[in-house]
Amino acid sequence: MHIRILGSGAGGGFPQWNCNCKNCSGVRSGDVKCVARTQSSITVSADGENWVLINASPDIRAQFESFPPLQPARKVRDTGVRAIIITDAQIDHTTGLLILREHDKPWDIYCTKEVNEDMTTGYPIFNILGHFRGVNWHEVMPNETSFTIPQAPGLRFTSVALKSEAPPFSPHRHNTVDGDNIGLLIEDLNTGKSVFYAPGLGVIDTTVFEYMDKADAVLVDGTVWTNDEMSHEGISNKLASEMGHLSQNDEGGIKETLSKLETTRKILIHINNTNPILDEDSDERRQLNEAEIEVSYDGMDLHL
Ligand code: MLT
Ligand code: MN
Ligand code: ZN
């Protein structure tokens with residue numbers, strides 16, 4: 001399979017439009033050694049022709065343009081994306097659906113009933129799309145249920161309920177239920193290789209750890225280095241844990257957990273603009289390099 005990282009940034013992207021934190025100013029001025037990142041989205045294909053989009057970010061238009069297989073130009077209106085999976089209803093993972101409204105038929109969208117509820121009530125994008133070509137909703141069960149997508153042969157997806165956070169417009173905010181956030185084991189049925197994708201991960205429980213351990217690669221929550229990072233520059237008084245993200249460097253954090261994986265390739269995704277690991281010359285980035293943890297970037301390809 002081929003996975004293309006379309007957007008490796010968290011909500012807001014990097015630089016964020018209104019942000020003048022050290023990283024955001026540094027990427028604009030060129031004073032910090034780092035690259036800009038668009039918001040969280042990946043795409044996967046087993047045959048290089050039929051692509052599944054996983055999460056649709058507000059930057060989706062530029063992301064499609066950045067990756068030619070998504071525009072194979074076989075007819076006057078065309079796309080390489082055959083179906084869409086949404087792992088949670090957050091703005092950074094769903095707003096791109098509005099940008100994709102000109103599709104010539106209803107979009108086949110795979111998500112849980114909790115995400116479908118948010119998409120039809122608190123942030124009713126599916127209702128809005130109903131005024132265009134509409135949505136063919138396919139229910140994803142949150143608890144370790146596998147499914148295939150007929151239009152994207154050769155791939156199998158298995159959902160894993162994650163402890164993270166529902167969006168502010170969800171009735172489950174601060175009271176999440178299974179189905180608000182899922183991780184995905186993505187398997188190539190021909191090569192037998194697999195990737196575990198979880199851009200928003202608040203807790204790594206035994207089940208999640210086992211999925212990470214058995215996958216050939218993980219693409220997991222790289223939002224923040226420390227739990228209180230957003231308060232450092234007076235940006236917000238919110239802890240990352242309150243937003244459903246496990247930090248990298250705190251005790252029991254992502255770095256410590258990933259270090260226990262012996263055979264899995266370890267890659268961070270959904271990196272917030274405040275995270276010091278964005279600076280390639282930082283001590284934090286050096287610590288990740290030493291732990292053999294990679295930091296994904298827009299345009300990164302995984303072939304498994
Ligand atoms: C998150 O991952 O916590 C959200 O995407 C934050 C946001 O974009 O508002
Ligand atoms: Mn997010
Ligand atoms: Zn910033």
# chains A, B, ... in the order shown; residues from 1 in each chain; ligands from 1
>>> residues_around(residues="Thr226 in chain A", least_positions_apart="5", cutoff="7 Å", atoms="only C-alpha atoms", output="NGL selection string")
:A and (247-250)
>>> write_last_selection(atoms="all heavy atoms", output="JSON list (two decimals), in the first residue's frame")
[["chain", "number", "residue", "atom", "x", "y", "z"],
["A", 247, "SER", "N", 0.63, 13.94, 25.62],
["A", 247, "SER", "CA", 1.88, 14.62, 25.24],
["A", 247, "SER", "C", 2.98, 13.60, 24.98],
["A", 247, "SER", "O", 2.89, 12.44, 25.37],
["A", 247, "SER", "CB", 2.30, 15.57, 26.35],
["A", 247, "SER", "OG", 2.61, 14.80, 27.49],
["A", 248, "GLN", "N", 4.05, 14.06, 24.34],
["A", 248, "GLN", "CA", 5.17, 13.16, 24.05],
["A", 248, "GLN", "C", 6.07, 12.98, 25.25],
["A", 248, "GLN", "O", 6.54, 11.90, 25.53],
["A", 248, "GLN", "CB", 6.01, 13.73, 22.88],
["A", 248, "GLN", "CG", 5.41, 13.44, 21.53],
["A", 248, "GLN", "CD", 5.08, 14.70, 20.77],
["A", 248, "GLN", "OE1", 5.89, 15.60, 20.66],
["A", 248, "GLN", "NE2", 3.88, 14.77, 20.23],
["A", 249, "ASN", "N", 6.35, 14.05, 25.98],
["A", 249, "ASN", "CA", 7.47, 13.97, 26.92],
["A", 249, "ASN", "C", 7.08, 13.77, 28.37],
["A", 249, "ASN", "O", 7.94, 13.55, 29.20],
["A", 249, "ASN", "CB", 8.35, 15.22, 26.79],
["A", 249, "ASN", "CG", 9.72, 14.99, 27.36],
["A", 249, "ASN", "OD1", 10.29, 13.91, 27.16],
["A", 249, "ASN", "ND2", 10.25, 15.96, 28.08],
["A", 250, "ASP", "N", 5.80, 13.88, 28.72],
["A", 250, "ASP", "CA", 5.43, 13.69, 30.12],
["A", 250, "ASP", "C", 5.54, 12.21, 30.47],
["A", 250, "ASP", "O", 5.59, 11.35, 29.59],
["A", 250, "ASP", "CB", 4.03, 14.26, 30.38],
["A", 250, "ASP", "CG", 4.02, 15.78, 30.24],
["A", 250, "ASP", "OD1", 4.50, 16.47, 31.14],
["A", 250, "ASP", "OD2", 3.57, 16.28, 29.18]]
>>> select_by_dssp(residues="range 97-253 of chain A", states="strand (DSSP E)", output="ChimeraX atom specification")
/A:107-111,135-139,143-147,155-161,182-188,194-198,217-221
>>> write_last_selection(atoms="N, CA, C and O atoms", output="short mmCIF file (atom, residue, chain, number, x, y, z; two decimals), in the first residue's frame")
data_model
loop_
_atom_site.label_atom_id
_atom_site.label_comp_id
_atom_site.auth_asym_id
_atom_site.auth_seq_id
_atom_site.Cartn_x
_atom_site.Cartn_y
_atom_site.Cartn_z
N TRP A 107 -20.90 11.35 -1.91
CA TRP A 107 -19.67 10.81 -1.36
C TRP A 107 -19.99 9.60 -0.48
O TRP A 107 -20.91 9.65 0.34
N ASP A 108 -19.22 8.53 -0.64
CA ASP A 108 -19.30 7.41 0.29
C ASP A 108 -18.43 7.76 1.48
O ASP A 108 -17.20 7.86 1.36
N ILE A 109 -19.09 7.99 2.62
CA ILE A 109 -18.36 8.42 3.83
C ILE A 109 -18.54 7.37 4.93
O ILE A 109 -19.68 6.98 5.24
N TYR A 110 -17.43 6.94 5.48
CA TYR A 110 -17.41 5.92 6.53
C TYR A 110 -17.07 6.59 7.85
O TYR A 110 -16.01 7.20 7.99
N CYS A 111 -17.98 6.48 8.82
CA CYS A 111 -17.70 7.01 10.17
C CYS A 111 -18.67 6.37 11.15
O CYS A 111 -19.65 5.74 10.76
N VAL A 135 -24.64 12.51 0.75
CA VAL A 135 -23.69 11.63 1.44
C VAL A 135 -24.30 10.23 1.52
O VAL A 135 -25.45 10.07 1.88
N ASN A 136 -23.50 9.24 1.14
CA ASN A 136 -23.85 7.84 1.41
C ASN A 136 -23.12 7.46 2.67
O ASN A 136 -21.93 7.17 2.63
N TRP A 137 -23.82 7.48 3.80
CA TRP A 137 -23.14 7.19 5.06
C TRP A 137 -23.03 5.68 5.27
O TRP A 137 -24.03 4.96 5.14
N HIS A 138 -21.83 5.23 5.60
CA HIS A 138 -21.60 3.82 5.95
C HIS A 138 -21.19 3.79 7.42
O HIS A 138 -20.18 4.40 7.78
N GLU A 139 -21.96 3.11 8.22
CA GLU A 139 -21.66 3.10 9.66
C GLU A 139 -20.44 2.25 9.98
O GLU A 139 -20.35 1.09 9.55
N ASN A 143 -15.75 -0.65 17.86
CA ASN A 143 -14.97 -1.60 18.66
C ASN A 143 -14.39 -2.76 17.86
O ASN A 143 -15.01 -3.80 17.73
N GLU A 144 -13.20 -2.53 17.33
CA GLU A 144 -12.43 -3.59 16.68
C GLU A 144 -13.25 -4.35 15.64
O GLU A 144 -13.32 -5.57 15.64
N THR A 145 -13.90 -3.58 14.79
CA THR A 145 -14.67 -4.17 13.71
C THR A 145 -13.97 -3.85 12.40
O THR A 145 -13.58 -2.71 12.15
N SER A 146 -13.81 -4.88 11.57
CA SER A 146 -13.12 -4.68 10.29
C SER A 146 -14.12 -4.41 9.17
O SER A 146 -15.23 -4.93 9.19
N PHE A 147 -13.70 -3.62 8.22
CA PHE A 147 -14.52 -3.39 7.03
C PHE A 147 -13.63 -3.17 5.82
O PHE A 147 -12.46 -2.79 5.95
N LEU A 155 -7.55 -3.34 0.52
CA LEU A 155 -7.32 -2.75 1.83
C LEU A 155 -8.38 -3.24 2.82
O LEU A 155 -9.53 -3.44 2.44
N ARG A 156 -7.96 -3.40 4.05
CA ARG A 156 -8.93 -3.68 5.12
C ARG A 156 -8.68 -2.71 6.26
O ARG A 156 -7.52 -2.42 6.60
N PHE A 157 -9.75 -2.19 6.82
CA PHE A 157 -9.67 -1.22 7.90
C PHE A 157 -10.29 -1.83 9.16
O PHE A 157 -11.35 -2.46 9.08
N THR A 158 -9.64 -1.64 10.30
CA THR A 158 -10.22 -2.10 11.56
C THR A 158 -10.26 -0.91 12.51
O THR A 158 -9.23 -0.25 12.74
N SER A 159 -11.44 -0.63 13.04
CA SER A 159 -11.59 0.52 13.93
C SER A 159 -11.24 0.12 15.37
O SER A 159 -11.49 -1.01 15.79
N VAL A 160 -10.69 1.06 16.09
CA VAL A 160 -10.38 0.85 17.51
C VAL A 160 -10.85 2.10 18.26
O VAL A 160 -10.41 3.21 17.93
N ALA A 161 -11.74 1.92 19.22
CA ALA A 161 -12.22 3.09 19.98
C ALA A 161 -11.05 3.71 20.75
O ALA A 161 -10.29 3.00 21.39
N ILE A 182 -11.97 7.31 16.72
CA ILE A 182 -11.44 5.96 16.47
C ILE A 182 -10.04 6.04 15.87
O ILE A 182 -9.68 7.02 15.21
N GLY A 183 -9.27 4.98 16.15
CA GLY A 183 -8.02 4.76 15.43
C GLY A 183 -8.31 3.73 14.37
O GLY A 183 -9.34 3.05 14.41
N LEU A 184 -7.41 3.61 13.41
CA LEU A 184 -7.62 2.64 12.33
C LEU A 184 -6.38 1.81 12.12
O LEU A 184 -5.27 2.36 11.95
N LEU A 185 -6.58 0.49 12.11
CA LEU A 185 -5.53 -0.38 11.59
C LEU A 185 -5.82 -0.51 10.09
O LEU A 185 -6.92 -0.91 9.71
N ILE A 186 -4.86 -0.14 9.27
CA ILE A 186 -5.03 -0.20 7.82
C ILE A 186 -4.13 -1.33 7.32
O ILE A 186 -2.91 -1.29 7.52
N GLU A 187 -4.74 -2.33 6.71
CA GLU A 187 -3.96 -3.49 6.25
C GLU A 187 -4.01 -3.61 4.73
O GLU A 187 -5.07 -3.43 4.12
N ASP A 188 -2.88 -3.96 4.16
CA ASP A 188 -2.83 -4.31 2.75
C ASP A 188 -3.01 -5.82 2.64
O ASP A 188 -2.19 -6.58 3.16
N SER A 194 0.79 -3.53 7.61
CA SER A 194 -0.25 -2.72 8.24
C SER A 194 0.31 -1.46 8.90
O SER A 194 1.48 -1.41 9.28
N VAL A 195 -0.58 -0.47 9.01
CA VAL A 195 -0.26 0.79 9.67
C VAL A 195 -1.38 1.08 10.66
O VAL A 195 -2.55 0.88 10.35
N PHE A 196 -1.01 1.55 11.85
CA PHE A 196 -2.03 1.99 12.80
C PHE A 196 -2.02 3.51 12.82
O PHE A 196 -1.00 4.13 13.07
N TYR A 197 -3.19 4.10 12.55
CA TYR A 197 -3.33 5.56 12.42
C TYR A 197 -4.22 6.09 13.54
O TYR A 197 -5.36 5.64 13.70
N ALA A 198 -3.70 7.01 14.33
CA ALA A 198 -4.48 7.58 15.44
C ALA A 198 -4.00 9.01 15.70
O ALA A 198 -3.13 9.24 16.55
N ALA A 217 3.90 -0.12 11.09
CA ALA A 217 4.21 1.29 11.34
C ALA A 217 3.04 1.93 12.08
O ALA A 217 1.89 1.48 11.95
N VAL A 218 3.35 2.94 12.88
CA VAL A 218 2.28 3.72 13.51
C VAL A 218 2.40 5.17 13.08
O VAL A 218 3.50 5.70 12.94
N LEU A 219 1.25 5.77 12.88
CA LEU A 219 1.15 7.20 12.60
C LEU A 219 0.28 7.74 13.72
O LEU A 219 -0.95 7.63 13.67
N VAL A 220 0.92 8.27 14.77
CA VAL A 220 0.14 8.60 15.96
C VAL A 220 0.33 10.03 16.43
O VAL A 220 1.28 10.73 16.05
N ASP A 221 -0.57 10.41 17.30
CA ASP A 221 -0.73 11.76 17.85
C ASP A 221 0.59 12.43 18.23
O ASP A 221 1.22 12.08 19.22
#
>>> residues_around(residues="Asn275 in chain A", least_positions_apart="6", cutoff="10 Å", atoms="only C-alpha atoms", output="list in words")
Lys22, Asn23, Gly222, Thr223, Val224, Trp225, Thr226, Glu229, Met230, Ser247, Gln248, Glu284 and Arg285 of chain A
>>> residues_around(residues="range 210-213 of chain A", least_positions_apart="2", cutoff="7 Å", atoms="only C-alpha atoms", output="list in words")
Phe196, Thr206, Thr207, Val208, Ala215, Val218, Leu261 and Thr264 of chain A
>>> closest_atom_pairs(of="range 133-161 of chain A", to="range 47-70 of chain A", cutoff="8 Å", atoms="only C-alpha atoms", output="tab-separated table")
residue	atom	partner	partner_atom	distance
A:Gln151	CA	A:Asn50	CA	6.9
A:Ala152	CA	A:Asn50	CA	5.3
A:Pro153	CA	A:Asp47	CA	7.7
A:Gly154	CA	A:Asp47	CA	7.5
>>> write_last_selection(atoms="C-alpha atoms", output="compact mmCIF listing (two decimals), in the first residue's frame")
# COMPACT_ATOMS: atom_id res chain seq x y z
CA GLN A 151 -14.21 0.83 -4.55
CA ALA A 152 -10.76 0.59 -2.95
CA PRO A 153 -9.76 -3.06 -3.31
CA GLY A 154 -6.89 -4.64 -1.43
>>> closest_residue(among="A:Gly13, A:Gly7, A:Gly26, A:Gly96", to="ligand 1", atoms="only C-alpha atoms and all ligand atoms")
A:Gly13
>>> closest_residue(among="A:Ser282, A:Ser41, A:Gln90, A:Gln287", to="ligand 1", atoms="only C-alpha atoms and all ligand atoms")
A:Gln90
>>> residues_around(residues="Ala240 in chain A", least_positions_apart="3", cutoff="6 Å", atoms="only C-alpha atoms", output="list in words")
Asn227, Met243 and His245 of chain A
>>> closest_atom_pairs(of="chain A", to="ligand 3", cutoff="8 Å", atoms="only C-alpha atoms and all ligand atoms", output="CSV")
residue,atom,partner,partner_atom_place_in_ligand_line,distance
A:Phe14,CA,ligand 3,1 (Zn),6.9
A:Pro15,CA,ligand 3,1 (Zn),5.9
A:Gln16,CA,ligand 3,1 (Zn),5.7
A:Asn18,CA,ligand 3,1 (Zn),7.9
A:Cys19,CA,ligand 3,1 (Zn),4.5
A:Asn20,CA,ligand 3,1 (Zn),5.5
A:Cys21,CA,ligand 3,1 (Zn),4.2
A:Lys22,CA,ligand 3,1 (Zn),6.7
A:Asn23,CA,ligand 3,1 (Zn),5.7
A:Cys24,CA,ligand 3,1 (Zn),4.3
A:Ser25,CA,ligand 3,1 (Zn),7.3
A:Asn272,CA,ligand 3,1 (Zn),7.9
A:Asn273,CA,ligand 3,1 (Zn),4.6
A:Thr274,CA,ligand 3,1 (Zn),5.1
>>> residues_near_ligand(ligand="ligand 2", cutoff="7 Å", atoms="only C-alpha atoms and all ligand atoms", output="list in words")
Ala10, Gly11, Ser40, Gln90, Asp92, His93, Gly200 and His270 of chain A
>>> select_by_dssp(residues="range 23-205 of chain A", states="helix (DSSP H, G or I)", output="number ranges by chain")
A: 23-29, 60-65, 68-70, 91-94, 96-99, 113-120, 125-129
>>> closest_residue(among="A:Thr148, A:Ser164, A:Gln71, A:Thr43", to="ligand 1", atoms="only C-alpha atoms and all ligand atoms")
A:Ser164
>>> atom_distance(atom1="CA of Ile269 in chain A", atom2="CA of Leu304 in chain A")
17.6 Å
